[in-house]
file coords.txt (compact mmCIF, C-alpha atoms)
# COMPACT_ATOMS: atom_id res chain seq x y z
CA MET A 1 -17.99 -14.22 32.61
CA THR A 2 -14.85 -16.28 31.94
CA GLU A 3 -11.29 -15.02 32.31
CA THR A 4 -11.41 -14.27 28.56
CA GLY A 5 -14.45 -12.04 28.97
CA LEU A 6 -16.81 -14.46 27.22
CA THR A 7 -20.19 -15.19 28.71
CA THR A 8 -20.61 -18.84 29.70
CA GLY A 9 -24.27 -18.81 30.73
CA ASP A 10 -25.79 -21.93 32.22
CA PHE A 11 -24.93 -24.40 29.49
CA THR A 12 -26.45 -27.22 31.55
CA GLU A 13 -29.88 -25.92 30.54
CA GLU A 14 -29.23 -26.43 26.82
CA ALA A 15 -31.38 -29.24 25.37
CA GLU A 16 -29.58 -29.72 22.04
CA PRO A 17 -25.85 -30.59 21.83
CA TYR A 18 -25.05 -29.33 18.32
CA ARG A 19 -26.28 -25.83 19.08
CA LEU A 20 -24.21 -25.79 22.26
CA PHE A 21 -21.14 -27.11 20.43
CA ALA A 22 -21.50 -24.42 17.77
CA GLN A 23 -21.54 -21.73 20.47
CA TRP A 24 -18.51 -23.17 22.23
CA LEU A 25 -16.56 -23.46 18.98
CA GLU A 26 -17.44 -19.85 18.14
CA ASP A 27 -16.18 -18.78 21.57
CA ALA A 28 -12.97 -20.75 20.98
CA THR A 29 -12.28 -18.93 17.71
CA LYS A 30 -12.12 -15.71 19.75
CA SER A 31 -9.83 -17.03 22.47
CA GLU A 32 -7.59 -19.84 21.20
CA PRO A 33 -4.22 -18.68 19.80
CA ASN A 34 -4.05 -21.53 17.27
CA ASP A 35 -6.45 -23.98 15.63
CA PRO A 36 -9.66 -23.74 17.69
CA ASN A 37 -10.91 -26.68 15.59
CA ALA A 38 -8.09 -28.97 16.77
CA LEU A 39 -9.13 -32.22 18.42
CA ALA A 40 -7.59 -35.41 19.77
CA LEU A 41 -8.82 -38.36 17.70
CA ALA A 42 -8.79 -41.85 19.23
CA SER A 43 -8.98 -45.20 17.46
CA VAL A 44 -7.78 -48.76 18.14
CA ASP A 45 -5.57 -51.08 16.10
CA ALA A 46 -6.19 -54.73 15.24
CA ASP A 47 -4.88 -55.80 18.67
CA GLY A 48 -7.15 -53.41 20.53
CA MET A 49 -4.25 -51.07 21.37
CA PRO A 50 -5.50 -47.46 21.44
CA ASP A 51 -4.00 -44.69 19.32
CA VAL A 52 -4.57 -40.97 19.67
CA ARG A 53 -3.42 -38.01 17.59
CA MET A 54 -4.38 -34.40 16.85
CA VAL A 55 -6.40 -33.61 13.72
CA LEU A 56 -8.59 -30.71 12.59
CA LEU A 57 -12.37 -30.62 12.49
CA LYS A 58 -13.46 -29.62 8.99
CA GLY A 59 -17.21 -29.54 9.40
CA PHE A 60 -20.13 -30.56 11.57
CA ASP A 61 -23.90 -30.64 11.41
CA GLU A 62 -26.67 -32.86 12.77
CA ARG A 63 -25.15 -35.84 10.95
CA GLY A 64 -21.88 -35.62 12.87
CA PHE A 65 -18.28 -34.34 12.97
CA VAL A 66 -16.06 -34.51 9.87
CA PHE A 67 -12.28 -34.73 9.42
CA TYR A 68 -10.10 -35.76 6.46
CA THR A 69 -7.13 -38.06 6.13
CA ASN A 70 -5.15 -40.50 4.04
CA PHE A 71 -7.11 -43.77 4.30
CA GLU A 72 -3.82 -45.69 4.03
CA SER A 73 -2.46 -44.01 7.18
CA ALA A 74 -2.51 -45.69 10.58
CA LYS A 75 -5.63 -43.85 11.65
CA GLY A 76 -7.28 -44.44 8.31
CA GLU A 77 -6.70 -48.19 8.45
CA GLU A 78 -7.71 -48.42 12.11
CA ILE A 79 -10.96 -46.56 11.58
CA LEU A 80 -11.80 -48.47 8.38
CA SER A 81 -11.31 -51.70 10.35
CA SER A 82 -13.60 -50.82 13.26
CA MET A 83 -15.71 -47.93 11.87
CA LYS A 84 -15.73 -46.48 15.39
CA ALA A 85 -13.82 -43.55 16.90
CA ALA A 86 -13.78 -40.92 19.64
CA MET A 87 -12.65 -37.31 19.71
CA CYS A 88 -11.92 -34.74 22.39
CA PHE A 89 -11.79 -30.96 22.04
CA HIS A 90 -9.91 -29.07 24.76
CA TRP A 91 -10.01 -25.29 24.79
CA LYS A 92 -7.54 -24.38 27.51
CA SER A 93 -8.21 -20.64 27.28
CA LEU A 94 -11.89 -21.28 28.06
CA ARG A 95 -11.35 -24.19 30.46
CA ARG A 96 -13.79 -26.26 28.44
CA GLN A 97 -13.76 -29.73 26.95
CA VAL A 98 -16.08 -31.68 24.64
CA ARG A 99 -15.93 -35.46 24.17
CA VAL A 100 -17.59 -37.27 21.25
CA ARG A 101 -17.96 -41.04 20.70
CA GLY A 102 -19.73 -43.06 18.05
CA PRO A 103 -19.72 -45.07 14.84
CA VAL A 104 -18.05 -43.68 11.73
CA GLU A 105 -19.05 -43.36 8.09
CA GLN A 106 -17.13 -42.18 5.05
CA VAL A 107 -18.16 -38.84 3.63
CA SER A 108 -19.50 -38.82 0.07
CA ASP A 109 -17.15 -38.37 -2.88
CA ALA A 110 -18.82 -35.03 -3.56
CA GLU A 111 -18.08 -33.81 -0.03
CA ALA A 112 -14.47 -34.99 -0.21
CA ASP A 113 -13.96 -33.42 -3.66
CA GLU A 114 -15.37 -30.09 -2.50
CA TYR A 115 -13.16 -29.91 0.58
CA TYR A 116 -10.06 -31.15 -1.28
CA ALA A 117 -10.53 -28.46 -3.94
CA SER A 118 -10.66 -25.79 -1.21
CA ARG A 119 -7.22 -26.71 0.17
CA PRO A 120 -4.09 -24.73 -0.77
CA ARG A 121 -2.36 -26.13 -3.84
CA GLY A 122 0.65 -27.20 -1.77
CA SER A 123 -1.57 -29.20 0.57
CA ARG A 124 -3.17 -30.96 -2.39
CA ILE A 125 0.28 -31.87 -3.69
CA GLY A 126 1.21 -33.08 -0.20
CA ALA A 127 -1.73 -35.48 -0.17
CA TRP A 128 -0.19 -37.22 -3.19
CA ALA A 129 3.44 -37.03 -2.04
CA SER A 130 3.07 -38.26 1.55
CA ARG A 131 2.77 -42.00 2.17
CA GLN A 132 1.36 -41.11 5.57
CA SER A 133 2.45 -43.13 8.64
CA ARG A 134 4.86 -45.32 6.66
CA PRO A 135 8.66 -45.30 7.13
CA LEU A 136 10.47 -42.39 5.45
CA GLU A 137 14.13 -42.99 4.58
CA SER A 138 15.02 -39.29 4.51
CA ARG A 139 13.57 -35.80 4.30
CA PHE A 140 15.04 -35.61 0.82
CA ALA A 141 12.81 -38.51 -0.30
CA LEU A 142 9.72 -36.57 0.75
CA GLU A 143 10.91 -33.37 -0.93
CA LYS A 144 11.67 -35.36 -4.09
CA ALA A 145 8.14 -36.78 -4.13
CA VAL A 146 6.71 -33.27 -3.67
CA ALA A 147 8.81 -32.02 -6.60
CA GLU A 148 7.69 -34.92 -8.80
CA TYR A 149 3.98 -34.34 -8.14
CA THR A 150 4.40 -30.58 -8.47
CA ALA A 151 5.81 -31.17 -11.96
CA LYS A 152 3.12 -33.72 -12.79
CA TYR A 153 0.32 -31.35 -11.84
CA ALA A 154 2.02 -28.11 -12.92
CA ILE A 155 -0.93 -27.16 -15.10
CA GLY A 156 -4.63 -27.48 -14.37
CA GLU A 157 -6.49 -28.97 -11.46
CA ILE A 158 -5.01 -31.48 -9.04
CA PRO A 159 -7.33 -34.48 -8.68
CA ARG A 160 -8.12 -35.88 -5.26
CA PRO A 161 -6.09 -39.04 -4.54
CA PRO A 162 -8.32 -42.13 -4.39
CA HIS A 163 -6.91 -42.97 -0.94
CA TRP A 164 -7.67 -39.52 0.52
CA SER A 165 -11.12 -38.71 1.86
CA GLY A 166 -13.08 -37.94 4.99
CA PHE A 167 -14.72 -39.62 7.94
CA ARG A 168 -17.79 -38.52 9.85
CA ILE A 169 -18.22 -39.53 13.49
CA MET A 170 -21.94 -39.95 14.14
CA PRO A 171 -22.15 -39.35 17.89
CA GLN A 172 -23.84 -41.76 20.21
CA SER A 173 -22.79 -39.45 23.03
CA ILE A 174 -21.46 -35.90 23.40
CA GLU A 175 -20.19 -34.72 26.77
CA PHE A 176 -19.57 -31.09 27.72
CA TRP A 177 -17.18 -30.22 30.55
CA HIS A 178 -16.57 -26.81 32.09
CA ASP A 179 -14.03 -26.01 34.78
CA ARG A 180 -15.38 -24.85 38.13
CA PRO A 181 -13.61 -23.95 41.41
CA PHE A 182 -12.27 -26.70 43.67
CA ARG A 183 -12.57 -29.24 40.82
CA LEU A 184 -16.35 -29.26 41.20
CA HIS A 185 -16.69 -29.08 37.43
CA ASP A 186 -19.89 -29.00 35.41
CA ARG A 187 -20.38 -32.09 33.22
CA VAL A 188 -23.38 -32.74 31.00
CA LYS A 189 -23.68 -35.80 28.75
CA PHE A 190 -26.05 -36.03 25.78
CA THR A 191 -26.85 -39.58 24.67
CA ARG A 192 -28.55 -40.39 21.38
CA SER A 193 -32.01 -41.90 21.76
CA GLN A 194 -33.40 -42.60 18.27
CA ASP A 195 -34.23 -39.13 16.90
CA SER A 196 -33.69 -37.20 20.14
CA TRP A 197 -31.12 -36.71 22.91
CA ASP A 198 -31.24 -37.74 26.55
CA LYS A 199 -29.36 -35.34 28.82
CA THR A 200 -27.66 -36.34 32.08
CA ARG A 201 -25.69 -34.23 34.51
CA LEU A 202 -22.59 -36.11 35.78
CA TYR A 203 -20.55 -35.88 38.95
CA PRO A 204 -17.20 -34.14 38.27

call {"tool": "encode", "arguments": {"input": "coords.txt", "output": "structure tokens"}}
result
Amino acid sequence: MTETGLTTGDFTEEAEPYRLFAQWLEDATKSEPNDPNALALASVDADGMPDVRMVLLKGFDERGFVFYTNFESAKGEEILSSMKAAMCFHWKSLRRQVRVRGPVEQVSDAEADEYYASRPRGSRIGAWASRQSRPLESRFALEKAVAEYTAKYAIGEIPRPPHWSGFRIMPQSIEFWHDRPFRLHDRVKFTRSQDSWDKTRLYP
């Protein structure tokens, strides 16, 4: 048992990473005080300088891990340039971590439309009003843009901005880390091998 009362089991025996990730994410929803789907997303700019920021996981399946963003933002432009990214989940309450690396694809328009339509109305307005990552002269300028788009879309549906969509990281590797005493942690790495996964236990 963990300090939270959740059963860890011997995760090193699991042969399929997505099933294990689903279990860990379910555990995190019971123990994390905020945003169990939060992750650190890493990309690189045109000069090879790394960037990292927190975003929210909005879906996953055997195709990969999905998040949404403004494609004109720094992360959007960096990922569109390289079509590669990495992410790290850290659940402090469980003393667990998951790292994911791989190439990236854009989600389909249908997927992006469905998720966008599920967002609160204010968040949909915000996607239009925010010129994400670019200089903002004042808070008033942002609030003015929000007011303008709120008036523009006062009636009816709010369409998805053409520059706002999702990315899917298609993992080449997924590593699971679990805290153990004396820093002798458990680490297991799954590496994609055509249509299957190779599993390797790593030194802590």

call {"tool": "closest_residue", "arguments": {"input": "coords.txt", "among": "A:Arg134, A:Ser82, A:Asp27, A:Gly166", "to": "Glu111 in chain A", "atoms": "only C-alpha atoms"}}
result
A:Gly166

call {"tool": "atom_distance", "arguments": {"input": "coords.txt", "atom1": "CA of Arg119 in chain A", "atom2": "CA of Ile158 in chain A"}}
result
10.6 Å

call {"tool": "residues_around", "arguments": {"input": "coords.txt", "residues": "Pro36 in chain A", "least_positions_apart": "6", "cutoff": "10 Å", "atoms": "only C-alpha atoms", "output": "ChimeraX atom specification"}}
result
/A:24-30,56-57,89-91

call {"tool": "write_last_selection", "arguments": {"input": "coords.txt", "atoms": "C-alpha atoms", "output": "compact mmCIF listing (two decimals), in the coordinates of the input"}}
result
# COMPACT_ATOMS: atom_id res chain seq x y z
CA TRP A 24 -18.51 -23.17 22.23
CA LEU A 25 -16.56 -23.46 18.98
CA GLU A 26 -17.44 -19.85 18.14
CA ASP A 27 -16.18 -18.78 21.57
CA ALA A 28 -12.97 -20.75 20.98
CA THR A 29 -12.28 -18.93 17.71
CA LYS A 30 -12.12 -15.71 19.75
CA LEU A 56 -8.59 -30.71 12.59
CA LEU A 57 -12.37 -30.62 12.49
CA PHE A 89 -11.79 -30.96 22.04
CA HIS A 90 -9.91 -29.07 24.76
CA TRP A 91 -10.01 -25.29 24.79

call {"tool": "residues_around", "arguments": {"input": "coords.txt", "residues": "Ala110 in chain A", "least_positions_apart": "4", "cutoff": "12 Å", "atoms": "only C-alpha atoms", "output": "number ranges by chain"}}
result
A: 106, 114-117, 160, 165-166

call {"tool": "write_last_selection", "arguments": {"input": "coords.txt", "atoms": "C-alpha atoms", "output": "mmCIF file, keeping the file's coordinate frame"}}
result
data_model
loop_
_atom_site.group_PDB
_atom_site.id
_atom_site.type_symbol
_atom_site.label_atom_id
_atom_site.label_comp_id
_atom_site.auth_asym_id
_atom_site.auth_seq_id
_atom_site.Cartn_x
_atom_site.Cartn_y
_atom_site.Cartn_z
ATOM 1 C CA GLN A 106 -17.130 -42.180 5.050
ATOM 2 C CA GLU A 114 -15.370 -30.090 -2.500
ATOM 3 C CA TYR A 115 -13.160 -29.910 0.580
ATOM 4 C CA TYR A 116 -10.060 -31.150 -1.280
ATOM 5 C CA ALA A 117 -10.530 -28.460 -3.940
ATOM 6 C CA ARG A 160 -8.120 -35.880 -5.260
ATOM 7 C CA SER A 165 -11.120 -38.710 1.860
ATOM 8 C CA GLY A 166 -13.080 -37.940 4.990
#

call {"tool": "closest_residue", "arguments": {"input": "coords.txt", "among": "A:Asp10, A:Glu16, A:Glu143, A:Glu78", "to": "Asp198 in chain A", "atoms": "only C-alpha atoms"}}
result
A:Glu16

call {"tool": "residues_around", "arguments": {"input": "coords.txt", "residues": "His178 in chain A", "least_positions_apart": "6", "cutoff": "8 Å", "atoms": "only C-alpha atoms", "output": "PDB file with C-alpha atoms, in the frame of the given file"}}
result
ATOM      1  CA  ARG A  95     -11.350 -24.190  30.460  1.00  0.00           C
ATOM      2  CA  ARG A  96     -13.790 -26.260  28.440  1.00  0.00           C
ATOM      3  CA  GLN A  97     -13.760 -29.730  26.950  1.00  0.00           C
ATOM      4  CA  HIS A 185     -16.690 -29.080  37.430  1.00  0.00           C
ATOM      5  CA  ASP A 186     -19.890 -29.000  35.410  1.00  0.00           C
ATOM      6  CA  ARG A 187     -20.380 -32.090  33.220  1.00  0.00           C
TER       7      ARG A 187
END

call {"tool": "residues_around", "arguments": {"input": "coords.txt", "residues": "Glu157 in chain A", "least_positions_apart": "4", "cutoff": "12 Å", "atoms": "only C-alpha atoms", "output": "PyMOL selection string"}}
result
chain A and resi 113+116-121+124-125+150+152-153

call {"tool": "atom_distance", "arguments": {"input": "coords.txt", "atom1": "CA of Arg19 in chain A", "atom2": "CA of Val66 in chain A"}}
result
16.3 Å

call {"tool": "build_atoms", "arguments": {"input": "coords.txt", "residues": "range 158-171 of chain A", "atoms": "N, CA and C atoms", "output": "PDB file, keeping the file's coordinate frame"}}
result
ATOM      1  N   ILE A 158      -5.642 -30.326  -9.656  1.00  0.00           N
ATOM      2  CA  ILE A 158      -5.010 -31.480  -9.040  1.00  0.00           C
ATOM      3  C   ILE A 158      -6.112 -32.408  -8.552  1.00  0.00           C
ATOM      4  N   PRO A 159      -6.243 -33.594  -9.106  1.00  0.00           N
ATOM      5  CA  PRO A 159      -7.330 -34.480  -8.680  1.00  0.00           C
ATOM      6  C   PRO A 159      -7.123 -34.981  -7.255  1.00  0.00           C
ATOM      7  N   ARG A 160      -8.215 -35.314  -6.614  1.00  0.00           N
ATOM      8  CA  ARG A 160      -8.120 -35.880  -5.260  1.00  0.00           C
ATOM      9  C   ARG A 160      -7.600 -37.313  -5.338  1.00  0.00           C
ATOM     10  N   PRO A 161      -6.584 -37.661  -4.532  1.00  0.00           N
ATOM     11  CA  PRO A 161      -6.090 -39.040  -4.540  1.00  0.00           C
ATOM     12  C   PRO A 161      -7.207 -40.009  -4.128  1.00  0.00           C
ATOM     13  N   PRO A 162      -7.255 -41.186  -4.727  1.00  0.00           N
ATOM     14  CA  PRO A 162      -8.320 -42.130  -4.390  1.00  0.00           C
ATOM     15  C   PRO A 162      -8.263 -42.617  -2.947  1.00  0.00           C
ATOM     16  N   HIS A 163      -7.080 -42.512  -2.322  1.00  0.00           N
ATOM     17  CA  HIS A 163      -6.910 -42.970  -0.940  1.00  0.00           C
ATOM     18  C   HIS A 163      -7.106 -41.847   0.074  1.00  0.00           C
ATOM     19  N   TRP A 164      -7.529 -40.686  -0.374  1.00  0.00           N
ATOM     20  CA  TRP A 164      -7.670 -39.520   0.520  1.00  0.00           C
ATOM     21  C   TRP A 164      -9.126 -39.086   0.541  1.00  0.00           C
ATOM     22  N   SER A 165      -9.715 -39.090   1.738  1.00  0.00           N
ATOM     23  CA  SER A 165     -11.120 -38.710   1.860  1.00  0.00           C
ATOM     24  C   SER A 165     -11.419 -38.341   3.302  1.00  0.00           C
ATOM     25  N   GLY A 166     -12.685 -38.372   3.657  1.00  0.00           N
ATOM     26  CA  GLY A 166     -13.080 -37.940   4.990  1.00  0.00           C
ATOM     27  C   GLY A 166     -13.898 -38.960   5.734  1.00  0.00           C
ATOM     28  N   PHE A 167     -13.892 -38.815   7.041  1.00  0.00           N
ATOM     29  CA  PHE A 167     -14.720 -39.620   7.940  1.00  0.00           C
ATOM     30  C   PHE A 167     -15.675 -38.693   8.690  1.00  0.00           C
ATOM     31  N   ARG A 168     -16.824 -39.236   9.018  1.00  0.00           N
ATOM     32  CA  ARG A 168     -17.790 -38.520   9.850  1.00  0.00           C
ATOM     33  C   ARG A 168     -18.102 -39.374  11.072  1.00  0.00           C
ATOM     34  N   ILE A 169     -17.798 -38.853  12.259  1.00  0.00           N
ATOM     35  CA  ILE A 169     -18.220 -39.530  13.490  1.00  0.00           C
ATOM     36  C   ILE A 169     -19.668 -39.137  13.758  1.00  0.00           C
ATOM     37  N   MET A 170     -20.511 -40.153  13.879  1.00  0.00           N
ATOM     38  CA  MET A 170     -21.940 -39.950  14.140  1.00  0.00           C
ATOM     39  C   MET A 170     -22.170 -40.218  15.618  1.00  0.00           C
ATOM     40  N   PRO A 171     -22.237 -39.175  16.434  1.00  0.00           N
ATOM     41  CA  PRO A 171     -22.150 -39.350  17.890  1.00  0.00           C
ATOM     42  C   PRO A 171     -23.286 -40.192  18.485  1.00  0.00           C
TER      43      PRO A 171
END
